[in-house]
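First up is the structure itself, then whatever we jot down about it.
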Amino acid sequence: MEGDRKVELSEALALGPGWRHACHALLYAPDPRKLFGRIPMRFAVLMQMRFDGRLGFPGGFVDAQDSCLEDGLNRELREELGDAMSAFRVERSDYRSSHIAARQRVVAHFYAKRLTLEQLQAVEARAPQAKDHGLEVLGLVRVPLYILRDGGGGLPAFLENSFIGAAREQLLEALQELELLDPGTIAKLKVPDSK
């Protein structure tokens, strides 16, 4: 969309009162298991099916009562993911990027939080009891971080889904920057056109 761009956090925070800030988080954990006993999982990465049928990351708008972006994000995560969020907190050190949607006057801040596999599984198990489950959030999904022999199954098929805003791009950037994909998968990955 015209007018949309990445910005530094300092520039985003300096925007005037007419701007709204939304924060979302990619939650991930090392996963040593193998699919069918042969395909390494490497990491478990969570996304969610939203109320609008699109995939996105848990989070939402920061409210006036939130003292900082991370307080707003953690409040939203508790609402969407439930009490398993009390075992950890997303901090400024987990910040990844900010993206301005100029037409909507919204800044989307993106975070990535590394958890233990047990913490991530607790989030998955308790999410159905969260306040917003079945309303804003229709369920959690794991991102397949592999490519099947047919070349289209796994991550390439997952990327063909409908994503909200910059979520698809945020996912791909995080997978590469955090080295959640093995180099062979990155080399084979044919990213579908974002339009």
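Labels for the structure tokens follow display order: chains A, B, ..., residues from 1 in each chain, ligands from 1.
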
key: Every residue of segment 18-127 of chain A that DSSP places in strand (DSSP E or B), as an MDAnalysis selection string   = chainID A and resid 20:35 39:50 55:56 59:61 95:101 106:114

Please produce a file of the residues just selected, as a short mmCIF file (atom, residue, chain, number, x, y, z; two decimals), in the first residue's frame, where the atoms kept are N, CA and C atoms.
data_model
loop_
_atom_site.label_atom_id
_atom_site.label_comp_id
_atom_site.auth_asym_id
_atom_site.auth_seq_id
_atom_site.Cartn_x
_atom_site.Cartn_y
_atom_site.Cartn_z
N ARG A 20 -2.10 5.70 16.06
CA ARG A 20 -2.35 4.57 16.97
C ARG A 20 -1.20 3.58 16.82
N HIS A 21 -0.88 2.91 17.91
CA HIS A 21 0.20 1.93 17.92
C HIS A 21 -0.36 0.55 18.22
N ALA A 22 0.02 -0.41 17.39
CA ALA A 22 -0.36 -1.81 17.60
C ALA A 22 0.92 -2.62 17.76
N CYS A 23 0.89 -3.57 18.67
CA CYS A 23 2.06 -4.42 18.92
C CYS A 23 1.66 -5.88 18.77
N HIS A 24 2.49 -6.63 18.10
CA HIS A 24 2.25 -8.07 17.90
C HIS A 24 3.54 -8.83 18.13
N ALA A 25 3.40 -10.11 18.51
CA ALA A 25 4.58 -10.90 18.85
C ALA A 25 4.56 -12.27 18.19
N LEU A 26 5.70 -12.63 17.66
CA LEU A 26 5.96 -14.00 17.21
C LEU A 26 6.53 -14.73 18.42
N LEU A 27 5.88 -15.81 18.83
CA LEU A 27 6.37 -16.65 19.92
C LEU A 27 6.95 -17.91 19.30
N TYR A 28 8.16 -18.28 19.72
CA TYR A 28 8.81 -19.46 19.14
C TYR A 28 9.63 -20.18 20.19
N ALA A 29 9.90 -21.46 19.90
CA ALA A 29 10.68 -22.29 20.81
C ALA A 29 11.42 -23.35 20.01
N PRO A 30 12.61 -23.72 20.46
CA PRO A 30 13.32 -24.84 19.82
C PRO A 30 12.47 -26.11 19.94
N ASP A 31 12.44 -26.89 18.87
CA ASP A 31 11.68 -28.14 18.86
C ASP A 31 12.56 -29.22 18.24
N PRO A 32 13.10 -30.12 19.06
CA PRO A 32 14.04 -31.12 18.56
C PRO A 32 13.37 -32.30 17.84
N ARG A 33 12.06 -32.34 17.82
CA ARG A 33 11.37 -33.49 17.23
C ARG A 33 11.49 -33.54 15.71
N LYS A 34 11.10 -34.70 15.16
CA LYS A 34 11.12 -34.88 13.71
C LYS A 34 9.75 -35.35 13.25
N LEU A 35 9.26 -34.73 12.18
CA LEU A 35 8.01 -35.13 11.55
C LEU A 35 8.25 -36.43 10.79
N ILE A 39 11.90 -35.55 9.22
CA ILE A 39 11.93 -34.13 8.85
C ILE A 39 12.11 -33.31 10.12
N PRO A 40 13.28 -32.67 10.31
CA PRO A 40 13.52 -31.88 11.53
C PRO A 40 12.55 -30.72 11.65
N MET A 41 11.95 -30.60 12.83
CA MET A 41 11.04 -29.48 13.09
C MET A 41 11.84 -28.20 13.37
N ARG A 42 12.97 -28.30 14.04
CA ARG A 42 13.87 -27.22 14.41
C ARG A 42 13.26 -26.24 15.42
N PHE A 43 12.16 -25.58 15.05
CA PHE A 43 11.50 -24.62 15.94
C PHE A 43 9.99 -24.75 15.78
N ALA A 44 9.28 -24.42 16.84
CA ALA A 44 7.83 -24.26 16.79
C ALA A 44 7.57 -22.76 16.79
N VAL A 45 6.81 -22.27 15.82
CA VAL A 45 6.49 -20.86 15.66
C VAL A 45 4.98 -20.73 15.64
N LEU A 46 4.44 -19.86 16.52
CA LEU A 46 3.00 -19.69 16.61
C LEU A 46 2.49 -18.49 15.83
N MET A 47 1.37 -18.70 15.18
CA MET A 47 0.56 -17.62 14.62
C MET A 47 -0.87 -17.91 15.05
N GLN A 48 -1.79 -17.03 14.68
CA GLN A 48 -3.18 -17.26 15.04
C GLN A 48 -4.10 -17.00 13.86
N MET A 49 -5.23 -17.73 13.87
CA MET A 49 -6.30 -17.44 12.93
C MET A 49 -7.15 -16.36 13.58
N ARG A 50 -7.29 -15.25 12.88
CA ARG A 50 -8.01 -14.10 13.41
C ARG A 50 -9.50 -14.19 13.09
N LEU A 55 -4.44 -14.90 8.80
CA LEU A 55 -3.42 -15.27 9.77
C LEU A 55 -2.69 -14.02 10.25
N GLY A 56 -2.33 -14.01 11.52
CA GLY A 56 -1.60 -12.90 12.09
C GLY A 56 -0.90 -13.34 13.36
N GLY A 59 -1.61 -10.10 19.62
CA GLY A 59 -1.32 -8.74 20.04
C GLY A 59 -2.47 -7.84 19.67
N GLY A 60 -2.23 -6.54 19.68
CA GLY A 60 -3.28 -5.60 19.34
C GLY A 60 -2.88 -4.17 19.66
N PHE A 61 -3.88 -3.30 19.75
CA PHE A 61 -3.63 -1.88 19.96
C PHE A 61 -3.25 -1.58 21.40
N TYR A 95 12.06 -6.62 20.74
CA TYR A 95 11.58 -5.79 19.63
C TYR A 95 12.34 -6.13 18.35
N ARG A 96 11.60 -6.15 17.21
CA ARG A 96 12.20 -6.46 15.90
C ARG A 96 12.08 -5.29 14.91
N SER A 97 10.87 -4.71 14.78
CA SER A 97 10.69 -3.69 13.74
C SER A 97 9.40 -2.90 13.96
N SER A 98 9.30 -1.77 13.24
CA SER A 98 8.08 -0.96 13.22
C SER A 98 7.72 -0.66 11.78
N HIS A 99 6.44 -0.65 11.48
CA HIS A 99 5.96 -0.45 10.12
C HIS A 99 4.80 0.54 10.17
N ILE A 100 4.88 1.61 9.40
CA ILE A 100 3.84 2.63 9.36
C ILE A 100 2.85 2.31 8.25
N ALA A 101 1.57 2.33 8.60
CA ALA A 101 0.48 2.29 7.62
C ALA A 101 -0.08 3.71 7.58
N VAL A 106 -1.55 4.24 11.54
CA VAL A 106 -1.25 3.17 12.50
C VAL A 106 0.21 2.78 12.35
N VAL A 107 0.86 2.54 13.49
CA VAL A 107 2.21 2.00 13.50
C VAL A 107 2.13 0.59 14.08
N ALA A 108 2.62 -0.39 13.33
CA ALA A 108 2.63 -1.78 13.79
C ALA A 108 4.04 -2.11 14.27
N HIS A 109 4.15 -2.43 15.55
CA HIS A 109 5.43 -2.81 16.15
C HIS A 109 5.46 -4.33 16.27
N PHE A 110 6.60 -4.90 15.93
CA PHE A 110 6.71 -6.36 15.88
C PHE A 110 7.82 -6.83 16.83
N TYR A 111 7.51 -7.89 17.58
CA TYR A 111 8.41 -8.47 18.56
C TYR A 111 8.54 -9.96 18.29
N ALA A 112 9.63 -10.57 18.74
CA ALA A 112 9.80 -12.03 18.68
C ALA A 112 10.34 -12.48 20.03
N LYS A 113 9.65 -13.42 20.65
CA LYS A 113 10.02 -13.90 21.99
C LYS A 113 10.33 -15.39 21.93
N ARG A 114 11.56 -15.72 22.34
CA ARG A 114 11.97 -17.13 22.41
C ARG A 114 11.50 -17.71 23.75
#

inquiry  = Nearest residue to Val7 of chain A out of A:Arg92, A:Leu81, A:Cys68, A:Ala102, using only C-alpha atoms?
reply    = A:Ala102

query = Neighbours of Leu189 of chain A within 9 Å (only C-alpha atoms; same-chain residues fewer than 4 positions away dropped), as JSON, numbers by chain?
reply = {"A": [147, 151, 155, 156, 184, 185]}

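Using only C-alpha atoms, the residues found no farther than 12 Å from Ala122 of chain A, other than those of its own chain fewer than 3 positions away, are Ala29, Leu81, Gly82, Asp83, Ala84, Met85, Ser86, Ala87, Phe88, Leu115, Thr116, Leu117, Glu118, Gln119, Ala125, Arg126, Ala127, Pro128 and Gln129 of chain A.
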
query = When DSSP works through the backbone of this structure, what residues of segment 22-185 of chain A end up as helix (DSSP H, G or I), shown as a PyMOL selection string?
reply = chain A and resi 69-81+83-87+92-94+117-129+155-158+167-177+183-185

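Computed from the coordinates, the atom CA of Arg5 of chain A to atom CA of Ile164 of chain A distance equals 15.6 Å.
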
Nearby residues (only C-alpha atoms) at most 12 Å from segment 157-161 of chain A, same-chain spacing under 3 positions excluded, as JSON, numbers by chain = {"A": [47, 49, 53, 54, 55, 56, 141, 142, 143, 144, 145, 146, 147, 148, 150, 151, 152, 153, 154, 164, 167, 168, 169, 170, 171, 172, 189, 190, 191, 192, 193, 194, 195]}

Using the selection just defined, write its residues with N, CA and C atoms as a CSV table (one decimal), in the first residue's frame.
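So result31.csv came out as:
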chain,number,residue,atom,x,y,z
A,47,MET,N,1.4,-18.7,15.2
A,47,MET,CA,0.6,-17.6,14.6
A,47,MET,C,-0.9,-17.9,15.0
A,49,MET,N,-5.2,-17.7,13.9
A,49,MET,CA,-6.3,-17.4,12.9
A,49,MET,C,-7.1,-16.4,13.6
A,53,GLY,N,-10.6,-14.2,9.4
A,53,GLY,CA,-10.1,-15.3,8.6
A,53,GLY,C,-8.7,-15.2,8.1
A,54,ARG,N,-8.0,-14.2,8.5
A,54,ARG,CA,-6.6,-14.1,8.1
A,54,ARG,C,-5.7,-14.5,9.2
A,55,LEU,N,-4.4,-14.9,8.8
A,55,LEU,CA,-3.4,-15.3,9.8
A,55,LEU,C,-2.7,-14.0,10.3
A,56,GLY,N,-2.3,-14.0,11.5
A,56,GLY,CA,-1.6,-12.9,12.1
A,56,GLY,C,-0.9,-13.3,13.4
A,141,VAL,N,-2.1,-21.6,15.3
A,141,VAL,CA,-1.5,-22.5,14.4
A,141,VAL,C,0.0,-22.5,14.5
A,142,ARG,N,0.7,-23.6,14.2
A,142,ARG,CA,2.1,-23.6,14.0
A,142,ARG,C,2.5,-23.5,12.6
A,143,VAL,N,3.6,-22.7,12.4
A,143,VAL,CA,4.1,-22.5,11.0
A,143,VAL,C,5.0,-23.7,10.7
A,144,PRO,N,4.7,-24.4,9.5
A,144,PRO,CA,5.6,-25.5,9.1
A,144,PRO,C,6.9,-24.9,8.6
A,145,LEU,N,8.0,-25.2,9.2
A,145,LEU,CA,9.3,-24.7,8.8
A,145,LEU,C,10.1,-25.6,8.0
A,146,TYR,N,9.5,-26.3,7.1
A,146,TYR,CA,10.1,-27.3,6.2
A,146,TYR,C,9.4,-27.2,4.8
A,147,ILE,N,10.1,-27.8,3.9
A,147,ILE,CA,9.5,-28.0,2.5
A,147,ILE,C,9.5,-29.5,2.2
A,148,LEU,N,8.3,-29.9,1.9
A,148,LEU,CA,8.1,-31.4,1.6
A,148,LEU,C,8.8,-31.7,0.2
A,150,ASP,N,7.6,-32.7,-2.5
A,150,ASP,CA,6.9,-32.2,-3.7
A,150,ASP,C,7.3,-30.7,-4.0
A,151,GLY,N,8.0,-30.0,-3.1
A,151,GLY,CA,8.5,-28.7,-3.3
A,151,GLY,C,7.4,-27.6,-3.0
A,152,GLY,N,6.2,-28.0,-2.8
A,152,GLY,CA,5.1,-27.1,-2.5
A,152,GLY,C,4.5,-27.2,-1.1
A,153,GLY,N,4.6,-28.4,-0.5
A,153,GLY,CA,4.0,-28.6,0.8
A,153,GLY,C,4.9,-28.1,1.9
A,154,GLY,N,4.3,-27.8,3.0
A,154,GLY,CA,5.0,-27.2,4.2
A,154,GLY,C,5.0,-25.7,4.1
A,164,ILE,N,-2.8,-10.9,7.5
A,164,ILE,CA,-3.2,-9.5,7.8
A,164,ILE,C,-2.0,-8.6,7.7
A,167,ALA,N,2.0,-9.1,8.3
A,167,ALA,CA,2.3,-10.3,9.1
A,167,ALA,C,3.2,-11.3,8.2
A,168,ARG,N,2.9,-11.5,7.0
A,168,ARG,CA,3.6,-12.4,6.1
A,168,ARG,C,5.1,-12.0,6.0
A,169,GLU,N,5.3,-10.7,5.7
A,169,GLU,CA,6.6,-10.2,5.6
A,169,GLU,C,7.4,-10.3,6.9
A,170,GLN,N,6.7,-9.9,8.0
A,170,GLN,CA,7.3,-10.0,9.4
A,170,GLN,C,7.7,-11.5,9.7
A,171,LEU,N,6.9,-12.4,9.3
A,171,LEU,CA,7.2,-13.8,9.5
A,171,LEU,C,8.4,-14.2,8.7
A,172,LEU,N,8.5,-13.9,7.5
A,172,LEU,CA,9.6,-14.3,6.6
A,172,LEU,C,10.9,-13.6,7.1
A,189,LEU,N,13.3,-22.1,-0.9
A,189,LEU,CA,12.0,-21.3,-0.7
A,189,LEU,C,11.7,-20.4,-1.8
A,190,LYS,N,10.6,-20.6,-2.5
A,190,LYS,CA,10.2,-19.7,-3.6
A,190,LYS,C,9.0,-18.9,-2.9
A,191,VAL,N,9.3,-17.7,-2.5
A,191,VAL,CA,8.3,-16.9,-1.9
A,191,VAL,C,7.2,-16.5,-2.9
A,192,PRO,N,5.9,-16.8,-2.6
A,192,PRO,CA,4.8,-16.4,-3.5
A,192,PRO,C,4.7,-14.9,-3.5
A,193,ASP,N,4.2,-14.4,-4.6
A,193,ASP,CA,4.0,-12.9,-4.8
A,193,ASP,C,3.1,-12.4,-3.7
A,194,SER,N,3.5,-11.3,-3.1
A,194,SER,CA,2.7,-10.7,-1.9
A,194,SER,C,1.4,-10.1,-2.3
A,195,LYS,N,1.1,-9.9,-3.6
A,195,LYS,CA,-0.1,-9.3,-4.0
A,195,LYS,C,-1.2,-10.3,-4.1

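Nearest-residue note for Ser162 of chain A: choosing from A:Asp52, A:Glu124, A:Ala12, A:Arg105, the minimum distance belongs to A:Asp52, counting only C-alpha atoms.
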
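Using only C-alpha atoms, the smallest distance between any of A:Asp94, A:Val123, A:Leu73, A:Gln65 and Leu140 of chain A comes from A:Val123.
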
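Atom to atom, atom CA of Arg89 of chain A and atom CA of Asp71 of chain A stand 9.1 Å apart.
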
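In this comparison, which uses only C-alpha atoms, the residue of A:Val62, A:Ala130, A:Leu120, A:Leu181 approaching Glu80 of chain A most closely is A:Ala130.
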
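The closest residue to Arg149 of chain A, picked from A:Lys6, A:Lys188, A:Ala14, A:Phe163 and counting only C-alpha atoms, is A:Lys188.
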
inquiry  = What's around Glu70 of chain A at 7 Å? Count only C-alpha atoms, leave out sequence neighbours fewer than 4 positions away in its own chain, and write the answer as a list of chain:residue names.
reply    = A:Asn74, A:Val90, A:Glu91, A:Arg92
